[in-house]
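Participant: Please find query06.pdb (PDB, C-alpha atoms, pLDDT in the B column) on the next line:
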```pdb
ATOM      1  CA  MET A1202     -45.339  63.369  39.403  1.00 57.00           C
ATOM      2  CA  SER A1203     -47.530  61.057  41.503  1.00 70.00           C
ATOM      3  CA  LYS A1204     -46.175  57.793  42.841  1.00 81.00           C
ATOM      4  CA  LYS A1205     -47.500  54.672  41.103  1.00 87.00           C
ATOM      5  CA  PRO A1206     -49.712  52.504  43.316  1.00 95.00           C
ATOM      6  CA  THR A1207     -48.052  49.396  44.691  1.00 97.00           C
ATOM      7  CA  VAL A1208     -49.436  46.356  46.499  1.00 97.00           C
ATOM      8  CA  GLU A1209     -47.027  44.342  48.614  1.00 98.00           C
ATOM      9  CA  LEU A1210     -47.462  40.848  50.004  1.00 98.00           C
ATOM     10  CA  LYS A1211     -45.302  38.815  52.363  1.00 96.00           C
ATOM     11  CA  LEU A1212     -46.037  35.102  52.117  1.00 96.00           C
ATOM     12  CA  PRO A1213     -44.868  32.403  54.506  1.00 94.00           C
ATOM     13  CA  ILE A1214     -43.565  29.259  52.847  1.00 92.00           C
ATOM     14  CA  LEU A1215     -46.631  27.126  53.464  1.00 92.00           C
ATOM     15  CA  LYS A1216     -48.596  24.760  51.259  1.00 91.00           C
ATOM     16  CA  ASN A1217     -50.878  26.413  48.664  1.00 93.00           C
ATOM     17  CA  MET A1218     -49.942  29.913  49.879  1.00 95.00           C
ATOM     18  CA  GLU A1219     -49.500  30.874  46.215  1.00 96.00           C
ATOM     19  CA  LEU A1220     -53.293  31.118  46.063  1.00 97.00           C
ATOM     20  CA  VAL A1221     -53.128  34.181  48.305  1.00 97.00           C
ATOM     21  CA  ALA A1222     -51.003  35.807  45.618  1.00 97.00           C
ATOM     22  CA  THR A1223     -53.461  34.878  42.872  1.00 98.00           C
ATOM     23  CA  GLN A1224     -56.366  36.355  44.827  1.00 97.00           C
ATOM     24  CA  THR A1225     -54.478  39.625  45.103  1.00 98.00           C
ATOM     25  CA  ALA A1226     -53.590  39.441  41.406  1.00 98.00           C
ATOM     26  CA  GLU A1227     -57.283  39.071  40.562  1.00 97.00           C
ATOM     27  CA  VAL A1228     -58.159  42.205  42.518  1.00 98.00           C
ATOM     28  CA  VAL A1229     -55.306  44.163  40.919  1.00 98.00           C
ATOM     29  CA  SER A1230     -56.267  42.909  37.443  1.00 97.00           C
ATOM     30  CA  LYS A1231     -59.855  44.037  37.977  1.00 97.00           C
ATOM     31  CA  HIS A1232     -58.674  47.406  39.226  1.00 97.00           C
ATOM     32  CA  MET A1233     -56.629  47.794  36.030  1.00 97.00           C
ATOM     33  CA  ASP A1234     -59.551  46.581  33.907  1.00 96.00           C
ATOM     34  CA  LEU A1235     -57.449  43.804  32.405  1.00 97.00           C
ATOM     35  CA  SER A1236     -59.226  41.157  30.347  1.00 96.00           C
ATOM     36  CA  GLU A1237     -60.158  37.838  31.964  1.00 96.00           C
ATOM     37  CA  ASP A1238     -57.625  36.075  29.754  1.00 96.00           C
ATOM     38  CA  LYS A1239     -54.804  38.354  30.860  1.00 97.00           C
ATOM     39  CA  ALA A1240     -55.870  38.040  34.500  1.00 97.00           C
ATOM     40  CA  GLY A1241     -55.757  34.243  34.189  1.00 98.00           C
ATOM     41  CA  GLU A1242     -52.315  34.367  32.598  1.00 98.00           C
ATOM     42  CA  ILE A1243     -51.012  36.615  35.369  1.00 98.00           C
ATOM     43  CA  SER A1244     -52.387  34.289  38.057  1.00 98.00           C
ATOM     44  CA  MET A1245     -50.897  31.222  36.396  1.00 98.00           C
ATOM     45  CA  ALA A1246     -47.481  32.862  36.003  1.00 98.00           C
ATOM     46  CA  LEU A1247     -47.637  33.990  39.616  1.00 98.00           C
ATOM     47  CA  ILE A1248     -48.433  30.483  40.840  1.00 98.00           C
ATOM     48  CA  GLU A1249     -45.374  29.149  39.041  1.00 97.00           C
ATOM     49  CA  ALA A1250     -43.157  31.969  40.295  1.00 97.00           C
ATOM     50  CA  CYS A1251     -44.272  31.347  43.884  1.00 96.00           C
ATOM     51  CA  ILE A1252     -43.764  27.589  43.617  1.00 95.00           C
ATOM     52  CA  ASN A1253     -40.250  28.139  42.255  1.00 93.00           C
ATOM     53  CA  ALA A1254     -39.488  30.485  45.121  1.00 93.00           C
ATOM     54  CA  PHE A1255     -40.977  28.086  47.688  1.00 91.00           C
ATOM     55  CA  GLU A1256     -39.412  24.894  46.392  1.00 85.00           C
ATOM     56  CA  HIS A1257     -36.169  25.723  44.645  1.00 77.00           C
ATOM     57  CA  SER A1258     -34.739  28.717  46.464  1.00 75.00           C
ATOM     58  CA  GLU A1259     -34.347  26.742  49.710  1.00 79.00           C
ATOM     59  CA  SER A1260     -35.248  29.985  51.423  1.00 75.00           C
ATOM     60  CA  LYS A1261     -36.003  29.626  55.099  1.00 77.00           C
ATOM     61  CA  SER A1262     -37.914  32.878  55.302  1.00 83.00           C
ATOM     62  CA  GLU A1263     -40.897  34.430  53.579  1.00 93.00           C
ATOM     63  CA  ILE A1264     -41.176  35.458  49.970  1.00 95.00           C
ATOM     64  CA  TYR A1265     -42.205  38.958  48.942  1.00 97.00           C
ATOM     65  CA  ILE A1266     -44.466  39.919  46.059  1.00 98.00           C
ATOM     66  CA  HIS A1267     -44.781  43.469  44.774  1.00 98.00           C
ATOM     67  CA  PHE A1268     -47.474  44.483  42.293  1.00 98.00           C
ATOM     68  CA  LEU A1269     -46.497  47.746  40.586  1.00 98.00           C
ATOM     69  CA  ILE A1270     -49.530  49.260  38.889  1.00 98.00           C
ATOM     70  CA  ASP A1271     -49.024  51.523  35.917  1.00 96.00           C
ATOM     71  CA  ASP A1272     -51.402  52.949  33.329  1.00 94.00           C
ATOM     72  CA  ASP A1273     -50.112  50.676  30.582  1.00 94.00           C
ATOM     73  CA  ASN A1274     -48.806  47.605  32.371  1.00 96.00           C
ATOM     74  CA  LEU A1275     -48.613  45.573  35.536  1.00 98.00           C
ATOM     75  CA  THR A1276     -45.186  44.642  36.842  1.00 98.00           C
ATOM     76  CA  ILE A1277     -44.877  41.892  39.451  1.00 98.00           C
ATOM     77  CA  LYS A1278     -41.735  41.189  41.437  1.00 98.00           C
ATOM     78  CA  VAL A1279     -41.365  37.896  43.290  1.00 97.00           C
ATOM     79  CA  ILE A1280     -38.473  38.087  45.714  1.00 96.00           C
ATOM     80  CA  ASP A1281     -36.906  35.320  47.744  1.00 94.00           C
ATOM     81  CA  LYS A1282     -33.881  35.286  50.032  1.00 92.00           C
ATOM     82  CA  GLY A1283     -32.759  31.860  48.953  1.00 91.00           C
ATOM     83  CA  LYS A1284     -29.615  30.413  47.393  1.00 90.00           C
ATOM     84  CA  GLY A1285     -30.121  31.910  43.926  1.00 90.00           C
ATOM     85  CA  PHE A1286     -29.865  30.176  40.571  1.00 86.00           C
ATOM     86  CA  ASP A1287     -28.499  30.614  37.075  1.00 86.00           C
ATOM     87  CA  SER A1288     -31.490  31.134  34.775  1.00 81.00           C
ATOM     88  CA  THR A1289     -29.321  30.451  31.714  1.00 82.00           C
ATOM     89  CA  ASN A1290     -28.792  26.890  32.973  1.00 84.00           C
ATOM     90  CA  VAL A1291     -32.477  26.029  33.091  1.00 86.00           C
ATOM     91  CA  LYS A1292     -33.312  23.310  30.595  1.00 87.00           C
ATOM     92  CA  ILE A1293     -36.257  23.973  28.270  1.00 91.00           C
ATOM     93  CA  PRO A1294     -38.735  21.145  28.905  1.00 94.00           C
ATOM     94  CA  ASN A1295     -40.174  19.086  26.093  1.00 94.00           C
ATOM     95  CA  ILE A1296     -43.096  16.706  26.494  1.00 96.00           C
ATOM     96  CA  GLU A1297     -41.845  14.286  23.833  1.00 93.00           C
ATOM     97  CA  THR A1298     -38.572  13.865  25.735  1.00 94.00           C
ATOM     98  CA  LYS A1299     -40.395  13.464  29.017  1.00 95.00           C
ATOM     99  CA  LEU A1300     -42.669  10.778  27.562  1.00 94.00           C
ATOM    100  CA  THR A1301     -39.926   8.791  25.884  1.00 91.00           C
ATOM    101  CA  THR A1302     -37.262   8.866  28.585  1.00 91.00           C
ATOM    102  CA  SER A1303     -37.071   8.473  32.338  1.00 91.00           C
ATOM    103  CA  GLU A1304     -36.700  12.243  32.679  1.00 91.00           C
ATOM    104  CA  LYS A1305     -38.752  13.741  35.511  1.00 91.00           C
ATOM    105  CA  LYS A1306     -42.058  15.115  34.311  1.00 92.00           C
ATOM    106  CA  ARG A1307     -41.712  18.366  36.255  1.00 92.00           C
ATOM    107  CA  GLY A1308     -39.706  21.507  35.415  1.00 92.00           C
ATOM    108  CA  TRP A1309     -42.208  23.631  33.474  1.00 96.00           C
ATOM    109  CA  GLY A1310     -42.402  26.716  35.683  1.00 95.00           C
ATOM    110  CA  ILE A1311     -40.020  29.125  33.972  1.00 95.00           C
ATOM    111  CA  MET A1312     -41.190  28.143  30.506  1.00 96.00           C
ATOM    112  CA  LEU A1313     -44.809  28.812  31.497  1.00 98.00           C
ATOM    113  CA  ILE A1314     -43.953  32.171  33.059  1.00 98.00           C
ATOM    114  CA  LYS A1315     -42.118  33.259  29.898  1.00 97.00           C
ATOM    115  CA  GLU A1316     -44.952  32.135  27.646  1.00 97.00           C
ATOM    116  CA  LEU A1317     -47.689  33.766  29.720  1.00 98.00           C
ATOM    117  CA  MET A1318     -46.096  37.145  30.459  1.00 98.00           C
ATOM    118  CA  ASP A1319     -44.892  39.883  28.099  1.00 98.00           C
ATOM    119  CA  SER A1320     -41.457  40.230  29.677  1.00 98.00           C
ATOM    120  CA  VAL A1321     -39.558  38.254  32.300  1.00 97.00           C
ATOM    121  CA  ASP A1322     -36.242  38.997  33.968  1.00 96.00           C
ATOM    122  CA  PHE A1323     -34.242  37.305  36.710  1.00 95.00           C
ATOM    123  CA  GLU A1324     -31.718  38.898  39.022  1.00 95.00           C
ATOM    124  CA  SER A1325     -30.093  36.263  41.184  1.00 94.00           C
ATOM    125  CA  ASP A1326     -27.078  35.729  43.386  1.00 93.00           C
ATOM    126  CA  HIS A1327     -26.265  33.747  46.521  1.00 91.00           C
ATOM    127  CA  THR A1328     -28.429  36.085  48.623  1.00 92.00           C
ATOM    128  CA  GLY A1329     -31.609  35.514  46.690  1.00 93.00           C
ATOM    129  CA  THR A1330     -33.576  35.941  43.495  1.00 95.00           C
ATOM    130  CA  THR A1331     -35.858  38.643  42.170  1.00 96.00           C
ATOM    131  CA  LEU A1332     -38.120  37.638  39.324  1.00 97.00           C
ATOM    132  CA  THR A1333     -39.616  40.622  37.519  1.00 98.00           C
ATOM    133  CA  MET A1334     -42.444  39.956  35.092  1.00 98.00           C
ATOM    134  CA  THR A1335     -44.650  42.357  33.213  1.00 98.00           C
ATOM    135  CA  LYS A1336     -48.031  42.138  31.535  1.00 98.00           C
ATOM    136  CA  LYS A1337     -48.927  44.929  29.126  1.00 97.00           C
ATOM    137  CA  LYS A1338     -52.496  46.122  29.309  1.00 92.00           C
ATOM    138  CA  ASN A1339     -53.244  46.641  25.664  1.00 84.00           C
ATOM    139  CA  THR A1340     -51.379  44.042  23.692  1.00 72.00           C
ATOM    140  CA  LYS A1341     -52.662  40.652  22.664  1.00 61.00           C
TER     141      LYS A1341
ATOM    142  CA  MET B 270     -61.436  22.060  48.727  1.00 80.00           C
ATOM    143  CA  ASN B 271     -59.418  20.198  46.107  1.00 93.00           C
ATOM    144  CA  SER B 272     -60.645  16.704  45.408  1.00 97.00           C
ATOM    145  CA  VAL B 273     -61.944  14.091  43.032  1.00 98.00           C
ATOM    146  CA  THR B 274     -65.698  14.384  43.532  1.00 98.00           C
ATOM    147  CA  ASN B 275     -66.875  11.519  41.340  1.00 98.00           C
ATOM    148  CA  VAL B 276     -65.518   8.543  39.418  1.00 98.00           C
ATOM    149  CA  GLU B 277     -67.823   6.520  37.204  1.00 97.00           C
ATOM    150  CA  LEU B 278     -67.691   4.235  34.202  1.00 97.00           C
ATOM    151  CA  LYS B 279     -69.822   5.556  31.347  1.00 96.00           C
ATOM    152  CA  ASN B 280     -69.913   3.857  27.946  1.00 93.00           C
ATOM    153  CA  ASN B 281     -66.571   2.174  28.685  1.00 95.00           C
ATOM    154  CA  VAL B 282     -64.981   5.519  29.615  1.00 98.00           C
ATOM    155  CA  VAL B 283     -63.783   6.256  33.139  1.00 98.00           C
ATOM    156  CA  VAL B 284     -65.048   9.747  33.940  1.00 98.00           C
ATOM    157  CA  ILE B 285     -63.162  11.473  36.764  1.00 98.00           C
ATOM    158  CA  THR B 286     -64.740  14.696  38.007  1.00 98.00           C
ATOM    159  CA  THR B 287     -62.774  17.134  40.128  1.00 98.00           C
ATOM    160  CA  GLU B 288     -63.240  20.214  42.221  1.00 98.00           C
ATOM    161  CA  GLY B 289     -60.721  22.934  43.131  1.00 97.00           C
ATOM    162  CA  TYR B 290     -57.045  23.616  42.584  1.00 98.00           C
ATOM    163  CA  LEU B 291     -55.326  21.052  40.365  1.00 98.00           C
ATOM    164  CA  ASN B 292     -52.113  20.887  42.361  1.00 97.00           C
ATOM    165  CA  LYS B 293     -49.866  17.969  43.315  1.00 97.00           C
ATOM    166  CA  ASP B 294     -52.403  16.500  45.745  1.00 97.00           C
ATOM    167  CA  LEU B 295     -55.305  16.585  43.307  1.00 98.00           C
ATOM    168  CA  GLY B 296     -53.080  15.369  40.468  1.00 98.00           C
ATOM    169  CA  GLU B 297     -52.117  12.337  42.553  1.00 98.00           C
ATOM    170  CA  GLU B 298     -55.742  11.726  43.500  1.00 98.00           C
ATOM    171  CA  ILE B 299     -56.742  11.752  39.822  1.00 98.00           C
ATOM    172  CA  GLN B 300     -53.858   9.417  38.976  1.00 98.00           C
ATOM    173  CA  LYS B 301     -54.858   6.991  41.729  1.00 98.00           C
ATOM    174  CA  ALA B 302     -58.512   6.998  40.634  1.00 98.00           C
ATOM    175  CA  ALA B 303     -57.451   6.289  37.057  1.00 98.00           C
ATOM    176  CA  GLN B 304     -55.022   3.541  38.061  1.00 98.00           C
ATOM    177  CA  GLU B 305     -57.723   1.745  40.055  1.00 97.00           C
ATOM    178  CA  HIS B 306     -59.698   1.327  36.835  1.00 97.00           C
ATOM    179  CA  MET B 307     -56.666   0.726  34.615  1.00 97.00           C
ATOM    180  CA  VAL B 308     -55.743  -2.422  36.543  1.00 96.00           C
ATOM    181  CA  ASN B 309     -59.168  -3.777  35.589  1.00 94.00           C
ATOM    182  CA  GLY B 310     -58.546  -3.118  31.904  1.00 95.00           C
ATOM    183  CA  SER B 311     -60.085   0.313  31.416  1.00 96.00           C
ATOM    184  CA  ASN B 312     -57.840   2.535  29.328  1.00 96.00           C
ATOM    185  CA  LYS B 313     -60.081   5.417  28.292  1.00 98.00           C
ATOM    186  CA  ILE B 314     -59.964   8.172  30.878  1.00 98.00           C
ATOM    187  CA  LEU B 315     -61.901  11.427  30.739  1.00 98.00           C
ATOM    188  CA  ILE B 316     -61.169  14.142  33.290  1.00 98.00           C
ATOM    189  CA  ASN B 317     -63.977  16.638  33.777  1.00 98.00           C
ATOM    190  CA  LEU B 318     -62.394  19.843  35.080  1.00 98.00           C
ATOM    191  CA  GLU B 319     -65.537  21.972  35.040  1.00 98.00           C
ATOM    192  CA  ARG B 320     -65.134  22.835  38.723  1.00 98.00           C
ATOM    193  CA  SER B 321     -61.344  23.199  38.655  1.00 98.00           C
ATOM    194  CA  ASN B 322     -60.405  26.559  37.226  1.00 95.00           C
ATOM    195  CA  ILE B 323     -56.850  26.794  38.448  1.00 96.00           C
ATOM    196  CA  VAL B 324     -53.857  24.518  37.987  1.00 97.00           C
ATOM    197  CA  ASN B 325     -50.138  24.403  38.632  1.00 97.00           C
ATOM    198  CA  SER B 326     -47.434  22.728  36.607  1.00 97.00           C
ATOM    199  CA  ILE B 327     -46.862  20.052  39.254  1.00 97.00           C
ATOM    200  CA  GLY B 328     -50.464  18.883  39.002  1.00 97.00           C
ATOM    201  CA  ALA B 329     -50.220  18.974  35.212  1.00 97.00           C
ATOM    202  CA  SER B 330     -46.954  17.004  35.332  1.00 97.00           C
ATOM    203  CA  ILE B 331     -48.739  14.175  37.110  1.00 97.00           C
ATOM    204  CA  LEU B 332     -51.149  14.047  34.170  1.00 98.00           C
ATOM    205  CA  ILE B 333     -48.105  13.569  31.905  1.00 97.00           C
ATOM    206  CA  GLU B 334     -47.229  10.535  34.043  1.00 97.00           C
ATOM    207  CA  LEU B 335     -50.766   9.284  33.482  1.00 98.00           C
ATOM    208  CA  ILE B 336     -50.427   9.749  29.702  1.00 97.00           C
ATOM    209  CA  GLU B 337     -47.220   7.697  29.861  1.00 96.00           C
ATOM    210  CA  GLU B 338     -48.970   4.920  31.797  1.00 96.00           C
ATOM    211  CA  LEU B 339     -51.897   4.880  29.366  1.00 97.00           C
ATOM    212  CA  GLN B 340     -49.584   4.708  26.351  1.00 96.00           C
ATOM    213  CA  GLU B 341     -48.465   1.272  27.556  1.00 94.00           C
ATOM    214  CA  THR B 342     -51.941  -0.089  26.748  1.00 95.00           C
ATOM    215  CA  ASP B 343     -52.761   2.201  23.818  1.00 96.00           C
ATOM    216  CA  GLY B 344     -55.112   4.028  26.130  1.00 97.00           C
ATOM    217  CA  VAL B 345     -56.321   7.586  25.895  1.00 97.00           C
ATOM    218  CA  LEU B 346     -56.614  10.516  28.257  1.00 98.00           C
ATOM    219  CA  ALA B 347     -58.992  13.360  27.461  1.00 98.00           C
ATOM    220  CA  PHE B 348     -60.330  16.447  29.190  1.00 98.00           C
ATOM    221  CA  CYS B 349     -63.584  18.337  29.133  1.00 98.00           C
ATOM    222  CA  ASN B 350     -64.871  21.693  30.362  1.00 98.00           C
ATOM    223  CA  LEU B 351     -61.422  23.270  30.586  1.00 98.00           C
ATOM    224  CA  ALA B 352     -61.094  26.843  31.805  1.00 97.00           C
ATOM    225  CA  THR B 353     -59.360  29.030  29.231  1.00 97.00           C
ATOM    226  CA  ILE B 354     -56.162  29.371  31.263  1.00 97.00           C
ATOM    227  CA  ILE B 355     -55.951  25.627  31.924  1.00 98.00           C
ATOM    228  CA  GLU B 356     -56.390  24.897  28.222  1.00 98.00           C
ATOM    229  CA  LYS B 357     -53.656  27.413  27.429  1.00 98.00           C
ATOM    230  CA  THR B 358     -51.351  25.915  30.075  1.00 98.00           C
ATOM    231  CA  PHE B 359     -51.893  22.394  28.739  1.00 98.00           C
ATOM    232  CA  LYS B 360     -51.210  23.663  25.224  1.00 98.00           C
ATOM    233  CA  ILE B 361     -47.935  25.336  26.234  1.00 98.00           C
ATOM    234  CA  MET B 362     -46.831  22.147  28.004  1.00 97.00           C
ATOM    235  CA  GLY B 363     -47.798  20.011  25.016  1.00 97.00           C
ATOM    236  CA  LEU B 364     -50.482  17.916  26.723  1.00 97.00           C
ATOM    237  CA  THR B 365     -52.967  18.811  24.003  1.00 96.00           C
ATOM    238  CA  LYS B 366     -50.779  16.969  21.468  1.00 96.00           C
ATOM    239  CA  TYR B 367     -51.574  13.772  23.343  1.00 97.00           C
ATOM    240  CA  CYS B 368     -55.013  14.471  24.801  1.00 97.00           C
ATOM    241  CA  GLU B 369     -58.226  15.657  23.186  1.00 97.00           C
ATOM    242  CA  SER B 370     -60.072  18.485  24.868  1.00 98.00           C
ATOM    243  CA  TYR B 371     -63.864  18.624  24.587  1.00 98.00           C
ATOM    244  CA  SER B 372     -66.263  21.425  25.406  1.00 98.00           C
ATOM    245  CA  THR B 373     -68.659  19.186  27.320  1.00 98.00           C
ATOM    246  CA  GLN B 374     -68.722  15.736  28.919  1.00 98.00           C
ATOM    247  CA  GLU B 375     -71.484  14.646  26.548  1.00 97.00           C
ATOM    248  CA  GLU B 376     -69.396  15.599  23.522  1.00 98.00           C
ATOM    249  CA  ALA B 377     -66.412  13.750  24.958  1.00 98.00           C
ATOM    250  CA  LEU B 378     -68.363  10.563  25.687  1.00 98.00           C
ATOM    251  CA  LYS B 379     -69.916  10.605  22.229  1.00 97.00           C
ATOM    252  CA  SER B 380     -66.478  10.790  20.654  1.00 97.00           C
ATOM    253  CA  MET B 381     -64.661   8.381  22.988  1.00 96.00           C
ATOM    254  CA  SER B 382     -67.267   5.615  23.272  1.00 89.00           C
TER     255      SER B 382
END
```
Could you write out this structure as structure tokens?
Facilitator:
Amino acid sequence: MSKKPTVELKLPILKNMELVATQTAEVVSKHMDLSEDKAGEISMALIEACINAFEHSESKSEIYIHFLIDDDNLTIKVIDKGKGFDSTNVKIPNIETKLTTSEKKRGWGIMLIKELMDSVDFESDHTGTTLTMTKKKNTK
Amino acid sequence: MNSVTNVELKNNVVVITTEGYLNKDLGEEIQKAAQEHMVNGSNKILINLERSNIVNSIGASILIELIEELQETDGVLAFCNLATIIEKTFKIMGLTKYCESYSTQEEALKSMS
């Protein structure tokens, strides 16, 4: 059985570096012949995953992104070596609440990732977090 | 390059045109451009995102702040020429409940004026 192709990126924690990841995602999406809509959703989810890793992990080192290409789906892993977090404790944002209270307007990243991808999973402990998200090729 | 490329008053609507990645910096630039007109009484803001085809949630969150500021004067915020993924992102976040989205600037101005 042949090994599935994989693309790996190592990104320094620098401003707007998430755009490097989206450029790679665009190339991978084209290679897989994904629709433009799916490619846009993957890029958007990846931006949010990178920003979370950059801003919330408090990692001092790089983040790693692995694109695992399969016939039927694309799996992306975003890995940081930060402090970890409990994904079950993340509050679901609501615009009505944000507009009627003094609540901060930010905090949409995980919700967007879950809405834009077909499956999302977090593995996290005090040594870091791995976000695994998948986009199926042939579903709506 | 991410920036506000033009701000003009058309038919009583402040039209803010952008270019590039709608991130925190561009979100703040849009907010500042809008606020400069809001202090003079303008409360209809149209953001033309034809040349911005990528966004992040931080940039979009700043637009929620702008909606909140406009609500104080019964103002409106609207968008035109949204890329499909930006429209979808705004819909998921709920911005489209509070802001109209138009296909073109002309259509927006016709409706908002």
Participant: Would you pick out the contacts of segment 356-361 of chain B at 8 Å or less, using all atoms listed in the file, so that residues sharing its chain but fewer than 6 positions from it are not included, and give the list as an mmCIF file with C-alpha atoms, in the coordinates of the input?
Facilitator:
```
data_model
loop_
_atom_site.group_PDB
_atom_site.id
_atom_site.type_symbol
_atom_site.label_atom_id
_atom_site.label_comp_id
_atom_site.auth_asym_id
_atom_site.auth_seq_id
_atom_site.Cartn_x
_atom_site.Cartn_y
_atom_site.Cartn_z
ATOM 1 C CA LEU A 1313 -44.809 28.812 31.497
ATOM 2 C CA GLU A 1316 -44.952 32.135 27.646
ATOM 3 C CA ALA B 329 -50.220 18.974 35.212
#
```
Participant: Near Leu278 of chain B, within 12 Å and counting all atoms listed in the file, which residues show up once chain neighbours fewer than 6 positions away are dropped, as an MDAnalysis selection string?
Facilitator: chainID B and resid 284:286 302:303 305:307 309:316 378 382
Participant: Pull out every residue of chain A that has at least one atom within 7 Å of chain B, counting only C-alpha atoms, and report them as a list of chain:residue names.
Facilitator: A:Gly1241, A:Glu1242, A:Ile1248, A:Glu1249, A:Ile1296, A:Leu1300, A:Lys1306, A:Arg1307, A:Trp1309, A:Gly1310
Participant: Just say which residues the PyMOL selection byres ((chain A and resi 1273) around 12) picks in this file, as a ChimeraX atom specification.
Facilitator: /A:1205,1233-1235,1269-1272,1274-1276,1335-1340
Participant: For this structure, which residues satisfy the selection - the PyMOL selection byres ((chain A and resi 1217) around 10) - when it is evaluated on the file as given? I want them as a ChimeraX atom specification.
Facilitator: /A:1214-1216,1218-1222,1248,1251-1252 /B:290,292
Participant: I'd like the residues picked by the PyMOL selection byres ((chain B and resi 321) around 7) written out as an mmCIF file with C-alpha atoms, in the coordinates of the input, using the chain letters and numbers from the file.
Facilitator:
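What ended up in out05.cif:
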```
data_model
loop_
_atom_site.group_PDB
_atom_site.id
_atom_site.type_symbol
_atom_site.label_atom_id
_atom_site.label_comp_id
_atom_site.auth_asym_id
_atom_site.auth_seq_id
_atom_site.Cartn_x
_atom_site.Cartn_y
_atom_site.Cartn_z
ATOM 1 C CA THR B 287 -62.774 17.134 40.128
ATOM 2 C CA GLU B 288 -63.240 20.214 42.221
ATOM 3 C CA GLY B 289 -60.721 22.934 43.131
ATOM 4 C CA TYR B 290 -57.045 23.616 42.584
ATOM 5 C CA LEU B 291 -55.326 21.052 40.365
ATOM 6 C CA LEU B 318 -62.394 19.843 35.080
ATOM 7 C CA GLU B 319 -65.537 21.972 35.040
ATOM 8 C CA ARG B 320 -65.134 22.835 38.723
ATOM 9 C CA ASN B 322 -60.405 26.559 37.226
ATOM 10 C CA ILE B 323 -56.850 26.794 38.448
#
```
Participant: Can you report as AutoDock Vina command-line options the centre and edge lengths in Å, to one decimal, of an axis-aligned box around the listed atoms of segment 359-363 of chain B padded with 8 Å on each side?
Facilitator:
```
--center_x -49.4 --center_y 22.7 --center_z 26.9 --size_x 21.1 --size_y 21.3 --size_z 19.7
```
Participant: Pick out the residues sitting within 10 Å of segment 1256-1265 of chain A, and hand them over as a list in words; count all atoms listed in the file, and ignore anything fewer than 6 positions along from it in its own chain.
Facilitator: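 Everything that qualifies: Glu1209, Leu1210, Lys1211, Leu1212, Pro1213, Ile1214, Leu1215, Ala1222, Lys1278, Val1279, Ile1280, Asp1281, Lys1282, Gly1283, Lys1284, Gly1285, Phe1286, His1327, Thr1328, Gly1329, Thr1330 and Thr1331 of chain A.
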Participant: Complete the atom set of segment 1299-1310 of chain A to N, CA and C atoms and return it as a PDB file, keeping the file's coordinate frame.
Facilitator:
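result.pdb, freshly written:
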```
ATOM      1  N   LYS A1299     -39.940  13.955  27.712  1.00 95.00           N
ATOM      2  CA  LYS A1299     -40.395  13.464  29.017  1.00 95.00           C
ATOM      3  C   LYS A1299     -41.182  12.158  28.885  1.00 95.00           C
ATOM      4  N   LEU A1300     -41.873  11.992  27.746  1.00 94.00           N
ATOM      5  CA  LEU A1300     -42.669  10.778  27.562  1.00 94.00           C
ATOM      6  C   LEU A1300     -41.861   9.609  27.018  1.00 94.00           C
ATOM      7  N   THR A1301     -40.698   9.880  26.495  1.00 91.00           N
ATOM      8  CA  THR A1301     -39.926   8.791  25.884  1.00 91.00           C
ATOM      9  C   THR A1301     -38.657   8.451  26.670  1.00 91.00           C
ATOM     10  N   THR A1302     -38.433   9.150  27.756  1.00 91.00           N
ATOM     11  CA  THR A1302     -37.262   8.866  28.585  1.00 91.00           C
ATOM     12  C   THR A1302     -37.703   8.805  30.045  1.00 91.00           C
ATOM     13  N   SER A1303     -36.740   8.523  30.905  1.00 91.00           N
ATOM     14  CA  SER A1303     -37.071   8.473  32.338  1.00 91.00           C
ATOM     15  C   SER A1303     -36.967   9.857  32.983  1.00 91.00           C
ATOM     16  N   GLU A1304     -36.812  10.882  32.153  1.00 91.00           N
ATOM     17  CA  GLU A1304     -36.700  12.243  32.679  1.00 91.00           C
ATOM     18  C   GLU A1304     -37.911  12.583  33.552  1.00 91.00           C
ATOM     19  N   LYS A1305     -37.650  13.328  34.635  1.00 91.00           N
ATOM     20  CA  LYS A1305     -38.752  13.741  35.511  1.00 91.00           C
ATOM     21  C   LYS A1305     -39.756  14.576  34.732  1.00 91.00           C
ATOM     22  N   LYS A1306     -41.011  14.437  35.073  1.00 92.00           N
ATOM     23  CA  LYS A1306     -42.058  15.115  34.311  1.00 92.00           C
ATOM     24  C   LYS A1306     -42.209  16.583  34.707  1.00 92.00           C
ATOM     25  N   ARG A1307     -41.582  16.985  35.790  1.00 92.00           N
ATOM     26  CA  ARG A1307     -41.712  18.366  36.255  1.00 92.00           C
ATOM     27  C   ARG A1307     -40.708  19.289  35.566  1.00 92.00           C
ATOM     28  N   GLY A1308     -40.690  20.570  35.965  1.00 92.00           N
ATOM     29  CA  GLY A1308     -39.706  21.507  35.415  1.00 92.00           C
ATOM     30  C   GLY A1308     -40.261  22.463  34.369  1.00 92.00           C
ATOM     31  N   TRP A1309     -41.555  22.786  34.479  1.00 96.00           N
ATOM     32  CA  TRP A1309     -42.208  23.631  33.474  1.00 96.00           C
ATOM     33  C   TRP A1309     -42.355  25.087  33.891  1.00 96.00           C
ATOM     34  N   GLY A1310     -42.051  25.412  35.128  1.00 95.00           N
ATOM     35  CA  GLY A1310     -42.402  26.716  35.683  1.00 95.00           C
ATOM     36  C   GLY A1310     -41.883  27.908  34.893  1.00 95.00           C
TER      37      GLY A1310
END
```
